[in-house]
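Here's work32.tsv, which has TSV, C-alpha atoms:
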chain	number	residue	atom	x	y	z
A	1	MET	CA	0.00	0.00	0.00
A	2	TYR	CA	1.01	3.61	-0.49
A	3	VAL	CA	1.66	5.47	2.72
A	4	VAL	CA	2.55	9.11	3.34
A	5	VAL	CA	4.23	9.99	6.63
A	6	ALA	CA	4.28	13.64	7.72
A	7	TYR	CA	5.81	14.78	10.97
A	8	ASP	CA	6.09	17.92	13.00
A	9	ILE	CA	8.55	17.44	15.84
A	10	CYS	CA	8.96	20.14	18.46
A	11	THR	CA	12.64	21.14	18.39
A	12	ASP	CA	12.61	23.76	21.12
A	13	ASN	CA	15.22	21.79	23.04
A	14	LYS	CA	18.01	19.22	22.55
A	15	ALA	CA	15.68	16.32	23.30
A	16	GLY	CA	13.38	17.46	20.49
A	17	GLU	CA	16.27	17.78	18.07
A	18	LYS	CA	17.28	14.22	18.94
A	19	ARG	CA	13.72	12.98	18.41
A	20	LEU	CA	13.63	14.75	15.04
A	21	ARG	CA	16.79	12.97	13.90
A	22	LYS	CA	15.49	9.62	15.12
A	23	VAL	CA	12.08	10.05	13.49
A	24	ALA	CA	13.75	10.97	10.18
A	25	GLN	CA	16.13	7.98	10.45
A	26	THR	CA	13.20	5.66	11.19
A	27	CYS	CA	11.22	6.92	8.21
A	28	GLN	CA	14.29	6.47	6.01
A	29	ASN	CA	14.25	2.79	6.94
A	30	TYR	CA	10.79	2.46	5.44
A	31	GLY	CA	10.55	4.85	2.54
A	32	GLN	CA	11.76	7.78	0.55
A	33	ARG	CA	12.15	11.35	1.74
A	34	VAL	CA	10.31	13.76	-0.54
A	35	GLN	CA	10.33	16.86	1.66
A	36	LYS	CA	12.09	17.80	4.91
A	37	SER	CA	9.35	16.26	7.02
A	38	LEU	CA	7.56	14.07	4.51
A	39	PHE	CA	8.16	10.52	3.38
A	40	GLU	CA	6.51	8.26	0.84
A	41	CYS	CA	6.55	4.55	1.64
A	42	THR	CA	5.28	1.52	-0.23
A	43	LEU	CA	4.54	-1.04	2.47
A	44	ASP	CA	2.57	-4.15	3.27
A	45	GLU	CA	0.37	-4.23	6.38
A	46	ALA	CA	3.00	-5.89	8.57
A	47	THR	CA	5.68	-3.39	7.63
A	48	LEU	CA	3.29	-0.50	8.23
A	49	ALA	CA	2.66	-1.91	11.70
A	50	GLY	CA	6.42	-1.95	12.24
A	51	LEU	CA	6.74	1.68	11.16
A	52	VAL	CA	3.91	2.75	13.47
A	53	HIS	CA	5.45	0.78	16.34
A	54	ASP	CA	8.88	2.34	15.80
A	55	LEU	CA	7.48	5.88	15.55
A	56	ARG	CA	5.24	5.44	18.58
A	57	LEU	CA	8.35	4.75	20.67
A	58	LEU	CA	9.93	8.04	19.55
A	59	VAL	CA	7.15	10.60	19.33
A	60	HIS	CA	6.41	12.84	22.30
A	61	PRO	CA	2.66	12.54	22.96
A	62	ARG	CA	2.02	16.24	23.61
A	63	GLU	CA	4.81	18.03	21.73
A	64	ASP	CA	5.09	16.16	18.42
A	65	SER	CA	2.69	15.18	15.70
A	66	VAL	CA	2.97	12.36	13.19
A	67	ARG	CA	0.26	11.62	10.65
A	68	ILE	CA	0.30	8.57	8.42
A	69	TYR	CA	-2.03	8.57	5.42
A	70	ARG	CA	-2.95	5.86	3.00
A	71	ALA	CA	-2.65	7.37	-0.47
A	72	LEU	CA	-4.21	6.14	-3.70
A	73	ASP	CA	-0.80	5.75	-5.26
A	74	PHE	CA	2.35	7.76	-5.98
A	75	SER	CA	2.02	8.02	-9.73
A	76	SER	CA	1.86	11.44	-11.34
A	77	THR	CA	-1.87	10.80	-11.85
A	78	HIS	CA	-2.45	10.84	-8.11
A	79	VAL	CA	0.24	13.08	-6.71
A	80	ILE	CA	0.37	16.67	-7.87
A	81	ARG	CA	3.89	18.03	-7.48
A	82	LEU	CA	4.65	21.73	-7.61
A	83	GLY	CA	8.13	23.16	-7.41
A	84	ARG	CA	11.26	21.15	-6.92
A	85	ASP	CA	11.20	17.42	-6.42
A	86	LEU	CA	13.44	15.52	-4.06
A	87	GLY	CA	11.76	12.25	-4.91
A	88	LEU	CA	12.93	9.52	-7.20
A	89	ASP	CA	10.64	7.59	-9.47
A	90	PHE	CA	10.39	4.07	-8.07
A	91	GLN	CA	8.57	2.94	-11.20
A	92	GLY	CA	11.26	4.28	-13.54
A	93	PRO	CA	14.56	2.65	-14.51
A	94	LEU	CA	17.10	2.44	-11.71
A	95	ILE	CA	20.38	4.06	-12.74
A	96	LEU	CA	23.34	3.22	-10.49
B	1	MET	CA	-12.29	13.71	-2.44
B	2	TYR	CA	-9.79	13.70	0.40
B	3	VAL	CA	-6.66	15.66	-0.33
B	4	VAL	CA	-3.49	16.13	1.72
B	5	VAL	CA	-1.31	19.15	0.97
B	6	ALA	CA	2.27	19.17	2.26
B	7	TYR	CA	4.66	22.00	1.61
B	8	ASP	CA	8.28	22.81	2.14
B	9	ILE	CA	8.95	26.45	1.35
B	10	CYS	CA	12.51	27.76	1.32
B	11	THR	CA	12.59	30.59	3.90
B	12	ASP	CA	16.23	31.61	3.53
B	13	ASN	CA	15.14	35.13	2.62
B	14	LYS	CA	12.24	37.58	3.05
B	15	ALA	CA	10.69	36.56	-0.26
B	16	GLY	CA	10.56	32.95	0.94
B	17	GLU	CA	8.98	33.95	4.24
B	18	LYS	CA	6.32	35.85	2.29
B	19	ARG	CA	5.68	32.83	0.04
B	20	LEU	CA	5.35	30.64	3.14
B	21	ARG	CA	2.69	32.93	4.61
B	22	LYS	CA	0.82	33.07	1.31
B	23	VAL	CA	0.94	29.31	0.77
B	24	ALA	CA	-0.39	28.75	4.30
B	25	GLN	CA	-3.15	31.33	3.78
B	26	THR	CA	-4.12	29.71	0.48
B	27	CYS	CA	-4.30	26.26	2.03
B	28	GLN	CA	-6.43	27.66	4.84
B	29	ASN	CA	-8.95	28.76	2.22
B	30	TYR	CA	-9.39	25.15	1.16
B	31	GLY	CA	-8.92	22.98	4.21
B	32	GLN	CA	-7.79	22.42	7.73
B	33	ARG	CA	-4.29	22.79	9.10
B	34	VAL	CA	-3.18	19.64	10.91
B	35	GLN	CA	0.56	20.33	11.17
B	36	LYS	CA	2.72	23.40	10.53
B	37	SER	CA	3.11	22.53	6.84
B	38	LEU	CA	0.29	20.05	6.33
B	39	PHE	CA	-3.36	20.54	5.46
B	40	GLU	CA	-6.28	18.18	4.99
B	41	CYS	CA	-8.90	19.27	2.48
B	42	THR	CA	-12.17	17.69	1.38
B	43	LEU	CA	-12.68	18.98	-2.16
B	44	ASP	CA	-14.45	18.30	-5.41
B	45	GLU	CA	-12.45	18.19	-8.67
B	46	ALA	CA	-13.14	21.82	-9.57
B	47	THR	CA	-12.09	23.10	-6.15
B	48	LEU	CA	-8.94	20.98	-6.25
B	49	ALA	CA	-8.13	22.57	-9.61
B	50	GLY	CA	-8.57	25.98	-7.96
B	51	LEU	CA	-6.22	25.04	-5.13
B	52	VAL	CA	-3.56	23.79	-7.56
B	53	HIS	CA	-3.94	26.94	-9.65
B	54	ASP	CA	-3.58	29.22	-6.62
B	55	LEU	CA	-0.54	27.33	-5.30
B	56	ARG	CA	1.14	27.22	-8.70
B	57	LEU	CA	1.13	31.02	-8.76
B	58	LEU	CA	2.93	31.16	-5.41
B	59	VAL	CA	5.44	28.33	-5.36
B	60	HIS	CA	9.02	28.96	-6.47
B	61	PRO	CA	9.82	26.27	-9.07
B	62	ARG	CA	13.34	25.49	-7.83
B	63	GLU	CA	13.28	26.47	-4.15
B	64	ASP	CA	9.93	25.22	-2.86
B	65	SER	CA	8.11	21.93	-2.92
B	66	VAL	CA	4.39	21.27	-2.66
B	67	ARG	CA	2.91	17.80	-2.87
B	68	ILE	CA	-0.79	17.12	-3.06
B	69	TYR	CA	-1.97	13.57	-2.37
B	70	ARG	CA	-5.33	11.95	-2.76
B	71	ALA	CA	-6.00	10.08	0.46
B	72	LEU	CA	-8.45	7.23	1.05
B	73	ASP	CA	-10.24	9.28	3.68
B	74	PHE	CA	-9.56	11.15	6.90
B	75	SER	CA	-11.31	8.79	9.31
B	76	SER	CA	-9.31	7.22	12.11
B	77	THR	CA	-9.41	3.98	10.11
B	78	HIS	CA	-7.28	5.52	7.39
B	79	VAL	CA	-5.17	8.12	9.15
B	80	ILE	CA	-2.85	7.00	11.91
B	81	ARG	CA	-2.17	9.89	14.28
B	82	LEU	CA	0.65	9.82	16.78
B	83	GLY	CA	1.29	12.57	19.30
B	84	ARG	CA	-0.69	15.76	19.55
B	85	ASP	CA	-3.49	16.59	17.18
B	86	LEU	CA	-4.18	20.06	15.83
B	87	GLY	CA	-7.01	18.72	13.72
B	88	LEU	CA	-10.72	18.95	14.32
B	89	ASP	CA	-13.12	16.17	13.51
B	90	PHE	CA	-15.21	17.34	10.57
B	91	GLN	CA	-17.48	14.33	10.98
B	92	GLY	CA	-18.19	15.02	14.64
B	93	PRO	CA	-20.68	17.48	16.17
B	94	LEU	CA	-19.82	21.14	15.62
B	95	ILE	CA	-19.66	22.99	18.94
B	96	LEU	CA	-19.65	26.80	18.64

Write out the structure in this file as structure tokens.
Amino acid sequence: MYVVVAYDICTDNKAGEKRLRKVAQTCQNYGQRVQKSLFECTLDEATLAGLVHDLRLLVHPREDSVRIYRALDFSSTHVIRLGRDLGLDFQGPLIL
Amino acid sequence: MYVVVAYDICTDNKAGEKRLRKVAQTCQNYGQRVQKSLFECTLDEATLAGLVHDLRLLVHPREDSVRIYRALDFSSTHVIRLGRDLGLDFQGPLIL
């Protein structure tokens, strides 16, 4: 399934900065960064459960916010992209 | 349809800060802020076209990024929320 993870981590203090780094690292284990605080992931149900579990351990319940959406898909038909694009095309040829 | 708008506006200069304010204001005309740079909107096709048009006029093509996703829906079945929640429940009773 296609999953979008958006986070807003409170970085008013060192602990928040550390959480921000850990949340970003965790998301990188599951998907592709497309904006500073936005990841696109293509996951099965079990892997999604793993992502949610990992993030739940990191996120501060009152200071941070993480929202995980199920998207229709990540093709250009279903995602409208304006401006620059950090993302790679998973469907396209992989050039190493 | 259920639409998620995520933006990442380059605020290295005054012009960027102005774009950020305008992008946020534009999104507020169409939906509900749920994180600093994330909005949920429930729109028909024509209104989505209006949102895309308005944002396209604001976004810097090389410095900013806006991504607009079609989500399955915004119920708790389809959006996993961790941490604090800025969002209101559109489906719930409206208390004024």

Go ahead and align chain A to chain B (same sequence, so just pair every C-alpha in order, least squares) and export the moved chain as a PDB file with C-alpha atoms, keeping the file's coordinate frame.
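And here's result_24.pdb as it stands now:
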ATOM      1  CA  MET A   1     -12.315  13.735  -2.421  1.00  0.00           C
ATOM      2  CA  TYR A   2      -9.794  13.702   0.395  1.00  0.00           C
ATOM      3  CA  VAL A   3      -6.662  15.666  -0.327  1.00  0.00           C
ATOM      4  CA  VAL A   4      -3.498  16.130   1.723  1.00  0.00           C
ATOM      5  CA  VAL A   5      -1.322  19.149   0.968  1.00  0.00           C
ATOM      6  CA  ALA A   6       2.258  19.173   2.269  1.00  0.00           C
ATOM      7  CA  TYR A   7       4.655  22.004   1.601  1.00  0.00           C
ATOM      8  CA  ASP A   8       8.277  22.811   2.140  1.00  0.00           C
ATOM      9  CA  ILE A   9       8.947  26.456   1.355  1.00  0.00           C
ATOM     10  CA  CYS A  10      12.499  27.763   1.343  1.00  0.00           C
ATOM     11  CA  THR A  11      12.600  30.592   3.899  1.00  0.00           C
ATOM     12  CA  ASP A  12      16.227  31.609   3.536  1.00  0.00           C
ATOM     13  CA  ASN A  13      15.149  35.127   2.619  1.00  0.00           C
ATOM     14  CA  LYS A  14      12.251  37.589   3.034  1.00  0.00           C
ATOM     15  CA  ALA A  15      10.699  36.557  -0.271  1.00  0.00           C
ATOM     16  CA  GLY A  16      10.559  32.950   0.937  1.00  0.00           C
ATOM     17  CA  GLU A  17       8.987  33.970   4.224  1.00  0.00           C
ATOM     18  CA  LYS A  18       6.334  35.865   2.269  1.00  0.00           C
ATOM     19  CA  ARG A  19       5.691  32.850   0.035  1.00  0.00           C
ATOM     20  CA  LEU A  20       5.358  30.657   3.131  1.00  0.00           C
ATOM     21  CA  ARG A  21       2.694  32.941   4.593  1.00  0.00           C
ATOM     22  CA  LYS A  22       0.832  33.087   1.290  1.00  0.00           C
ATOM     23  CA  VAL A  23       0.946  29.322   0.755  1.00  0.00           C
ATOM     24  CA  ALA A  24      -0.382  28.754   4.291  1.00  0.00           C
ATOM     25  CA  GLN A  25      -3.142  31.360   3.767  1.00  0.00           C
ATOM     26  CA  THR A  26      -4.110  29.731   0.462  1.00  0.00           C
ATOM     27  CA  CYS A  27      -4.302  26.276   2.017  1.00  0.00           C
ATOM     28  CA  GLN A  28      -6.424  27.691   4.839  1.00  0.00           C
ATOM     29  CA  ASN A  29      -8.947  28.773   2.219  1.00  0.00           C
ATOM     30  CA  TYR A  30      -9.380  25.164   1.161  1.00  0.00           C
ATOM     31  CA  GLY A  31      -8.922  22.999   4.208  1.00  0.00           C
ATOM     32  CA  GLN A  32      -7.802  22.432   7.734  1.00  0.00           C
ATOM     33  CA  ARG A  33      -4.297  22.804   9.109  1.00  0.00           C
ATOM     34  CA  VAL A  34      -3.193  19.653  10.909  1.00  0.00           C
ATOM     35  CA  GLN A  35       0.535  20.345  11.177  1.00  0.00           C
ATOM     36  CA  LYS A  36       2.724  23.398  10.523  1.00  0.00           C
ATOM     37  CA  SER A  37       3.097  22.538   6.856  1.00  0.00           C
ATOM     38  CA  LEU A  38       0.281  20.068   6.336  1.00  0.00           C
ATOM     39  CA  PHE A  39      -3.359  20.541   5.462  1.00  0.00           C
ATOM     40  CA  GLU A  40      -6.275  18.182   4.998  1.00  0.00           C
ATOM     41  CA  CYS A  41      -8.908  19.265   2.488  1.00  0.00           C
ATOM     42  CA  THR A  42     -12.169  17.710   1.376  1.00  0.00           C
ATOM     43  CA  LEU A  43     -12.692  18.987  -2.157  1.00  0.00           C
ATOM     44  CA  ASP A  44     -14.457  18.314  -5.417  1.00  0.00           C
ATOM     45  CA  GLU A  45     -12.446  18.197  -8.651  1.00  0.00           C
ATOM     46  CA  ALA A  46     -13.127  21.826  -9.564  1.00  0.00           C
ATOM     47  CA  THR A  47     -12.072  23.111  -6.165  1.00  0.00           C
ATOM     48  CA  LEU A  48      -8.926  20.985  -6.264  1.00  0.00           C
ATOM     49  CA  ALA A  49      -8.109  22.578  -9.613  1.00  0.00           C
ATOM     50  CA  GLY A  50      -8.552  25.976  -7.974  1.00  0.00           C
ATOM     51  CA  LEU A  51      -6.202  25.052  -5.133  1.00  0.00           C
ATOM     52  CA  VAL A  52      -3.556  23.791  -7.563  1.00  0.00           C
ATOM     53  CA  HIS A  53      -3.925  26.942  -9.667  1.00  0.00           C
ATOM     54  CA  ASP A  54      -3.568  29.217  -6.636  1.00  0.00           C
ATOM     55  CA  LEU A  55      -0.527  27.339  -5.302  1.00  0.00           C
ATOM     56  CA  ARG A  56       1.152  27.206  -8.701  1.00  0.00           C
ATOM     57  CA  LEU A  57       1.126  31.016  -8.766  1.00  0.00           C
ATOM     58  CA  LEU A  58       2.940  31.165  -5.410  1.00  0.00           C
ATOM     59  CA  VAL A  59       5.447  28.328  -5.366  1.00  0.00           C
ATOM     60  CA  HIS A  60       9.022  28.953  -6.469  1.00  0.00           C
ATOM     61  CA  PRO A  61       9.826  26.270  -9.065  1.00  0.00           C
ATOM     62  CA  ARG A  62      13.340  25.479  -7.821  1.00  0.00           C
ATOM     63  CA  GLU A  63      13.287  26.463  -4.140  1.00  0.00           C
ATOM     64  CA  ASP A  64       9.920  25.213  -2.861  1.00  0.00           C
ATOM     65  CA  SER A  65       8.101  21.926  -2.914  1.00  0.00           C
ATOM     66  CA  VAL A  66       4.381  21.267  -2.669  1.00  0.00           C
ATOM     67  CA  ARG A  67       2.914  17.782  -2.875  1.00  0.00           C
ATOM     68  CA  ILE A  68      -0.800  17.115  -3.064  1.00  0.00           C
ATOM     69  CA  TYR A  69      -1.975  13.571  -2.367  1.00  0.00           C
ATOM     70  CA  ARG A  70      -5.333  11.953  -2.762  1.00  0.00           C
ATOM     71  CA  ALA A  71      -6.006  10.071   0.465  1.00  0.00           C
ATOM     72  CA  LEU A  72      -8.461   7.242   1.056  1.00  0.00           C
ATOM     73  CA  ASP A  73     -10.253   9.273   3.678  1.00  0.00           C
ATOM     74  CA  PHE A  74      -9.570  11.145   6.920  1.00  0.00           C
ATOM     75  CA  SER A  75     -11.305   8.800   9.313  1.00  0.00           C
ATOM     76  CA  SER A  76      -9.323   7.228  12.126  1.00  0.00           C
ATOM     77  CA  THR A  77      -9.430   3.984  10.115  1.00  0.00           C
ATOM     78  CA  HIS A  78      -7.283   5.524   7.404  1.00  0.00           C
ATOM     79  CA  VAL A  79      -5.189   8.126   9.151  1.00  0.00           C
ATOM     80  CA  ILE A  80      -2.879   7.009  11.920  1.00  0.00           C
ATOM     81  CA  ARG A  81      -2.205   9.895  14.288  1.00  0.00           C
ATOM     82  CA  LEU A  82       0.630   9.836  16.786  1.00  0.00           C
ATOM     83  CA  GLY A  83       1.268  12.574  19.294  1.00  0.00           C
ATOM     84  CA  ARG A  84      -0.707  15.754  19.560  1.00  0.00           C
ATOM     85  CA  ASP A  85      -3.498  16.595  17.180  1.00  0.00           C
ATOM     86  CA  LEU A  86      -4.214  20.035  15.818  1.00  0.00           C
ATOM     87  CA  GLY A  87      -7.050  18.734  13.696  1.00  0.00           C
ATOM     88  CA  LEU A  88     -10.743  18.913  14.323  1.00  0.00           C
ATOM     89  CA  ASP A  89     -13.123  16.118  13.521  1.00  0.00           C
ATOM     90  CA  PHE A  90     -15.224  17.255  10.571  1.00  0.00           C
ATOM     91  CA  GLN A  91     -17.494  14.248  11.012  1.00  0.00           C
ATOM     92  CA  GLY A  92     -18.146  14.976  14.693  1.00  0.00           C
ATOM     93  CA  PRO A  93     -20.622  17.442  16.202  1.00  0.00           C
ATOM     94  CA  LEU A  94     -19.766  21.086  15.633  1.00  0.00           C
ATOM     95  CA  ILE A  95     -19.594  22.963  18.933  1.00  0.00           C
ATOM     96  CA  LEU A  96     -19.630  26.760  18.603  1.00  0.00           C
TER      97      LEU A  96
END

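Relative to CA of Ile9 in chain B, CA of Val23 in chain B is found at 8.5 Å.
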
Margin query: Please check the contacts: residues of chain A at most 9 Å away from chain B, using only C-alpha atoms, listed as an MDAnalysis selection string.
Written below: chainID A and resid 4 6:8 34:38 52 55:56 59:74 78:86

Check: By how many Å are CA of Glu45 in chain B and CA of Met1 in chain B apart?
Finding: 7.7 Å

Check: How far is it from CA of Cys27 in chain A to CA of Leu48 in chain A, in Å with one decimal?
Finding: 10.9 Å

If you take every atom of range 45-61 of chain B that the file lists and fit an axis-aligned box around them with 3 Å extra on each side, what centre and edge lengths come out in Å to one decimal, as JSON?
{"center_x": -1.7, "center_y": 24.7, "center_z": -7.4, "size_x": 29.0, "size_y": 19.0, "size_z": 10.5}
